[in-house]
Amino acid sequence: MYTAAALAILVTMGLALVRALLGPGVYDRVLAVNMLGTKTTLLLAVVAFLYGWPDFLDLALAYALINFVGVLAVLEFFQNRARADEP
Amino acid sequence: MITVFGIFLLSLLVITALAIVQTRNLFVAVMLAAIFSLLMAANFFILDAADVALTEAAVGAGVTTVILLSALALTAEREKRSGSIRWISVAVVAVTVLILIYATFDKPALGDPDAPVHQHVAPWYLEKTPVFMDIPNVVTAVLASFRGYDTLGEVFVVFVAMVGVLFVLGGDGGRSGPITTPDPGLRHHLIPKVVGRLLLPFIILFGLYVQFHGEYGPGGGFQAGAIIATGLILHALLEGEQAALRSVPAGAMQALVVAGASLYGGVGVACMLLGGSFLDYSVLHPDPVTGRQIGIIAIELGVGMAVCGALLSIFHAFAAREH
Amino acid sequence: MTLILDLASWILLVGGGAFLLIGGLGALRFQTLYARMHAASLTDSIGTLLVLLGILLQAGWTLAGAKIAAILIFMMLTGPTASYALANAAYLSGIRPGTGDEEP
């Protein structure tokens, strides 16, 4: 059953990557990064159980904690740019 | 199954790499680089390299994107078109690639027990780690003890990288010169502020866990330093540059790097003073096994301090230039 | 008992996988940015929830189970935050929802 879930996650990662490559705008790329980030976390958790490495769940935990920092940085980046554009 | 996962992820990795090279929009390149890091970490994990995967996760999930975006804020968003294609370079690259691909035909298959890499020193490390150090994570034993000199070199590379960035960007941590636009950070955004403040202690706690659990599970100084730095960068994003520099001043970050590198070197010198050779931890305690454990914990701490301080210094050097 | 747990895990994992695929397809096929964001958040919330709950049932009261629970809580917190940050950044740069226009 872990295999089924892992395959679904992998296919979703592929779909997200296609979205990242197609664009069209920059925000679609950010969206794809965010999707791939959560899917990677899930994949690590599922694979840790699939192969019986529960010690390695620390990795998924690390991603769950710090993955959103990148997207927050994107928000800050565009906020700074919006302020710089103002007179 | 592991082969299917590996091949699928590797294909995605190659596609992403080609897309990064092809795109002219640098923001898109930064985002694709984030995807590359995620796929790389998943790949390492599938190959059972948890320590490396955790390093990639700790650095790639937050710090790299943040620093690349800070760098992007200092430059234009679109790459300038270069002139004509340099055919000589293309030819050289093509020939090199062909030679490298040809060279892979001689390589042993994945996981082949007769491969040279599994015949050289690796069996000795695996055999001797329980005897010499009595810790479960062989990676940490190799990194911190058997290959202690290499890691010391890496810490000094981190140190030199920070010094280099500070020289190039004039990193005074934003102390000199009036700051024209006070940076509000994301203080006006309620949801990130609340969630970020809630998660910050957990990120630091997790970083400390990775730091001191490195002997037993995946982790160690490099990963912990990057995770704690990510937490503090999150704080800087939420509260703004100045508030973050008030809580952790630029001098403190640089002192952290120097202290970390000195701690590592100091352990080595202490070993010499106690009659051993440089970084031979067995003399640190009457029982050599305990001595080696003490030495590993001490130098991992030094590594963590150096990495954390260096990443924070680099981030603030970029951010100070932005405003 | 084990049979019931296994069955529940199967249902949760397959259901989660289905939601992941649906969300991924939606993120690929929808016409506007905000609609795509909506589809992608499906994978972040319900897909994640179901998959991790399925694993949690198998892990039980162990350290691994506690870690899965922590991952679940943190992802439930960070996923919507990231979606918020993304939507806000898009809105700041002048993309308005509902028009069906593609941004340049």
# chains A, B, ... in the order shown; residues from 1 in each chain; ligands from 1
>>> closest_atom_pairs(of="chain A", to="chain C", cutoff="9 Å", atoms="only C-alpha atoms", output="JSON lines")
{"residue": "A:Met1", "atom": "CA", "partner": "C:Trp10", "partner_atom": "CA", "distance": 6.1}
{"residue": "A:Tyr2", "atom": "CA", "partner": "C:Leu13", "partner_atom": "CA", "distance": 7.5}
{"residue": "A:Ala4", "atom": "CA", "partner": "C:Val14", "partner_atom": "CA", "distance": 7.0}
{"residue": "A:Ala5", "atom": "CA", "partner": "C:Gly17", "partner_atom": "CA", "distance": 5.3}
{"residue": "A:Ala6", "atom": "CA", "partner": "C:Gly17", "partner_atom": "CA", "distance": 8.2}
{"residue": "A:Leu7", "atom": "CA", "partner": "C:Gly17", "partner_atom": "CA", "distance": 8.3}
{"residue": "A:Ala8", "atom": "CA", "partner": "C:Gly17", "partner_atom": "CA", "distance": 5.1}
{"residue": "A:Ile9", "atom": "CA", "partner": "C:Gly17", "partner_atom": "CA", "distance": 6.7}
{"residue": "A:Val11", "atom": "CA", "partner": "C:Leu21", "partner_atom": "CA", "distance": 7.2}
{"residue": "A:Thr12", "atom": "CA", "partner": "C:Gly24", "partner_atom": "CA", "distance": 5.2}
{"residue": "A:Met13", "atom": "CA", "partner": "C:Gly24", "partner_atom": "CA", "distance": 7.9}
{"residue": "A:Gly14", "atom": "CA", "partner": "C:Gly24", "partner_atom": "CA", "distance": 8.7}
{"residue": "A:Leu15", "atom": "CA", "partner": "C:Gly24", "partner_atom": "CA", "distance": 5.7}
{"residue": "A:Ala16", "atom": "CA", "partner": "C:Gly24", "partner_atom": "CA", "distance": 6.4}
{"residue": "A:Val18", "atom": "CA", "partner": "C:Leu28", "partner_atom": "CA", "distance": 7.5}
{"residue": "A:Arg19", "atom": "CA", "partner": "C:Leu28", "partner_atom": "CA", "distance": 5.6}
{"residue": "A:Pro24", "atom": "CA", "partner": "C:Pro104", "partner_atom": "CA", "distance": 7.7}
{"residue": "A:Gly25", "atom": "CA", "partner": "C:Glu103", "partner_atom": "CA", "distance": 6.1}
{"residue": "A:Val26", "atom": "CA", "partner": "C:Glu103", "partner_atom": "CA", "distance": 9.0}
{"residue": "A:Tyr27", "atom": "CA", "partner": "C:Ala90", "partner_atom": "CA", "distance": 6.5}
{"residue": "A:Asp28", "atom": "CA", "partner": "C:Leu33", "partner_atom": "CA", "distance": 6.8}
{"residue": "A:Val30", "atom": "CA", "partner": "C:Leu86", "partner_atom": "CA", "distance": 7.3}
{"residue": "A:Leu31", "atom": "CA", "partner": "C:Met37", "partner_atom": "CA", "distance": 6.8}
{"residue": "A:Ala32", "atom": "CA", "partner": "C:Ala40", "partner_atom": "CA", "distance": 8.3}
{"residue": "A:Asn34", "atom": "CA", "partner": "C:Ala82", "partner_atom": "CA", "distance": 7.4}
{"residue": "A:Met35", "atom": "CA", "partner": "C:Ala40", "partner_atom": "CA", "distance": 6.5}
{"residue": "A:Thr38", "atom": "CA", "partner": "C:Asp44", "partner_atom": "CA", "distance": 6.5}
{"residue": "A:Lys39", "atom": "CA", "partner": "C:Asp44", "partner_atom": "CA", "distance": 8.1}
{"residue": "A:Thr41", "atom": "CA", "partner": "C:Ile71", "partner_atom": "CA", "distance": 8.8}
{"residue": "A:Leu42", "atom": "CA", "partner": "C:Thr48", "partner_atom": "CA", "distance": 7.0}
{"residue": "A:Ala45", "atom": "CA", "partner": "C:Ile68", "partner_atom": "CA", "distance": 7.7}
{"residue": "A:Val46", "atom": "CA", "partner": "C:Ile55", "partner_atom": "CA", "distance": 7.3}
{"residue": "A:Phe49", "atom": "CA", "partner": "C:Ile55", "partner_atom": "CA", "distance": 7.8}
{"residue": "A:Pro54", "atom": "CA", "partner": "C:Ala64", "partner_atom": "CA", "distance": 5.7}
{"residue": "A:Asp55", "atom": "CA", "partner": "C:Ala64", "partner_atom": "CA", "distance": 7.4}
{"residue": "A:Leu57", "atom": "CA", "partner": "C:Lys67", "partner_atom": "CA", "distance": 6.9}
{"residue": "A:Asp58", "atom": "CA", "partner": "C:Lys67", "partner_atom": "CA", "distance": 7.7}
{"residue": "A:Ala60", "atom": "CA", "partner": "C:Ile71", "partner_atom": "CA", "distance": 7.0}
{"residue": "A:Leu61", "atom": "CA", "partner": "C:Ile71", "partner_atom": "CA", "distance": 5.4}
{"residue": "A:Ala62", "atom": "CA", "partner": "C:Ile71", "partner_atom": "CA", "distance": 8.7}
{"residue": "A:Tyr63", "atom": "CA", "partner": "C:Ile71", "partner_atom": "CA", "distance": 8.7}
{"residue": "A:Ala64", "atom": "CA", "partner": "C:Met75", "partner_atom": "CA", "distance": 5.4}
{"residue": "A:Leu65", "atom": "CA", "partner": "C:Phe74", "partner_atom": "CA", "distance": 6.1}
{"residue": "A:Ile66", "atom": "CA", "partner": "C:Thr78", "partner_atom": "CA", "distance": 8.5}
{"residue": "A:Asn67", "atom": "CA", "partner": "C:Thr78", "partner_atom": "CA", "distance": 7.9}
{"residue": "A:Phe68", "atom": "CA", "partner": "C:Ala82", "partner_atom": "CA", "distance": 5.5}
{"residue": "A:Val69", "atom": "CA", "partner": "C:Ala82", "partner_atom": "CA", "distance": 8.1}
{"residue": "A:Gly70", "atom": "CA", "partner": "C:Ala82", "partner_atom": "CA", "distance": 8.7}
{"residue": "A:Val71", "atom": "CA", "partner": "C:Ala82", "partner_atom": "CA", "distance": 5.8}
{"residue": "A:Leu72", "atom": "CA", "partner": "C:Ala85", "partner_atom": "CA", "distance": 5.9}
{"residue": "A:Ala73", "atom": "CA", "partner": "C:Ala85", "partner_atom": "CA", "distance": 8.9}
{"residue": "A:Val74", "atom": "CA", "partner": "C:Ala89", "partner_atom": "CA", "distance": 7.3}
{"residue": "A:Leu75", "atom": "CA", "partner": "C:Ala89", "partner_atom": "CA", "distance": 4.9}
{"residue": "A:Glu76", "atom": "CA", "partner": "C:Ala89", "partner_atom": "CA", "distance": 8.0}
{"residue": "A:Phe77", "atom": "CA", "partner": "C:Ala89", "partner_atom": "CA", "distance": 8.5}
{"residue": "A:Phe78", "atom": "CA", "partner": "C:Ala89", "partner_atom": "CA", "distance": 6.0}
{"residue": "A:Gln79", "atom": "CA", "partner": "C:Ala89", "partner_atom": "CA", "distance": 7.0}
{"residue": "A:Arg81", "atom": "CA", "partner": "C:Ser93", "partner_atom": "CA", "distance": 8.9}
{"residue": "A:Ala82", "atom": "CA", "partner": "C:Ser93", "partner_atom": "CA", "distance": 7.0}
>>> residues_around(residues="region 24-41 of chain B", least_positions_apart="5", cutoff="7 Å", atoms="only C-alpha atoms", output="list in words")
Val26, Arg29, Val30, Val33, Leu36, Gly37 and Thr40 of chain A; Leu9, Leu13, Thr16, Ala53, Glu56, Ala57, Gly60, Thr65, Leu68, Glu77, Arg78 and Glu79 of chain B
>>> interface_residues(of="chain B", to="chain C", cutoff="12 Å", atoms="only C-alpha atoms", output="MDAnalysis selection string")
chainID B and resid 186 188:200 202:203 206 238
>>> closest_residue(among="B:Val131, B:Val138, B:Val14, B:Val63", to="Ile227 (chain B)", atoms="only C-alpha atoms")
B:Val63
>>> select_by_dssp(residues="chain C", states="helix (DSSP H, G or I)", output="ChimeraX atom specification")
/C:2-29,33-59,63-92
>>> residues_around(residues="Gly111 (chain B)", least_positions_apart="3", cutoff="12 Å", atoms="only C-alpha atoms", output="list in words")
Ile2, Thr3, Leu47, Asp48, Lys107, Pro108, Asp114, Ala115, Pro116, Val117 and His118 of chain B
>>> atom_distance(atom1="CA of Phe30 (chain C)", atom2="CA of Thr23 (chain B)")
23.5 Å
>>> atom_distance(atom1="CA of Val165 (chain B)", atom2="CA of Gly251 (chain B)")
15.0 Å
>>> residues_around(residues="Asn80 (chain A)", least_positions_apart="5", cutoff="9 Å", atoms="only C-alpha atoms", output="list in words")
Leu75 and Asp85 of chain A; Ala73, Asp183 and Gly185 of chain B
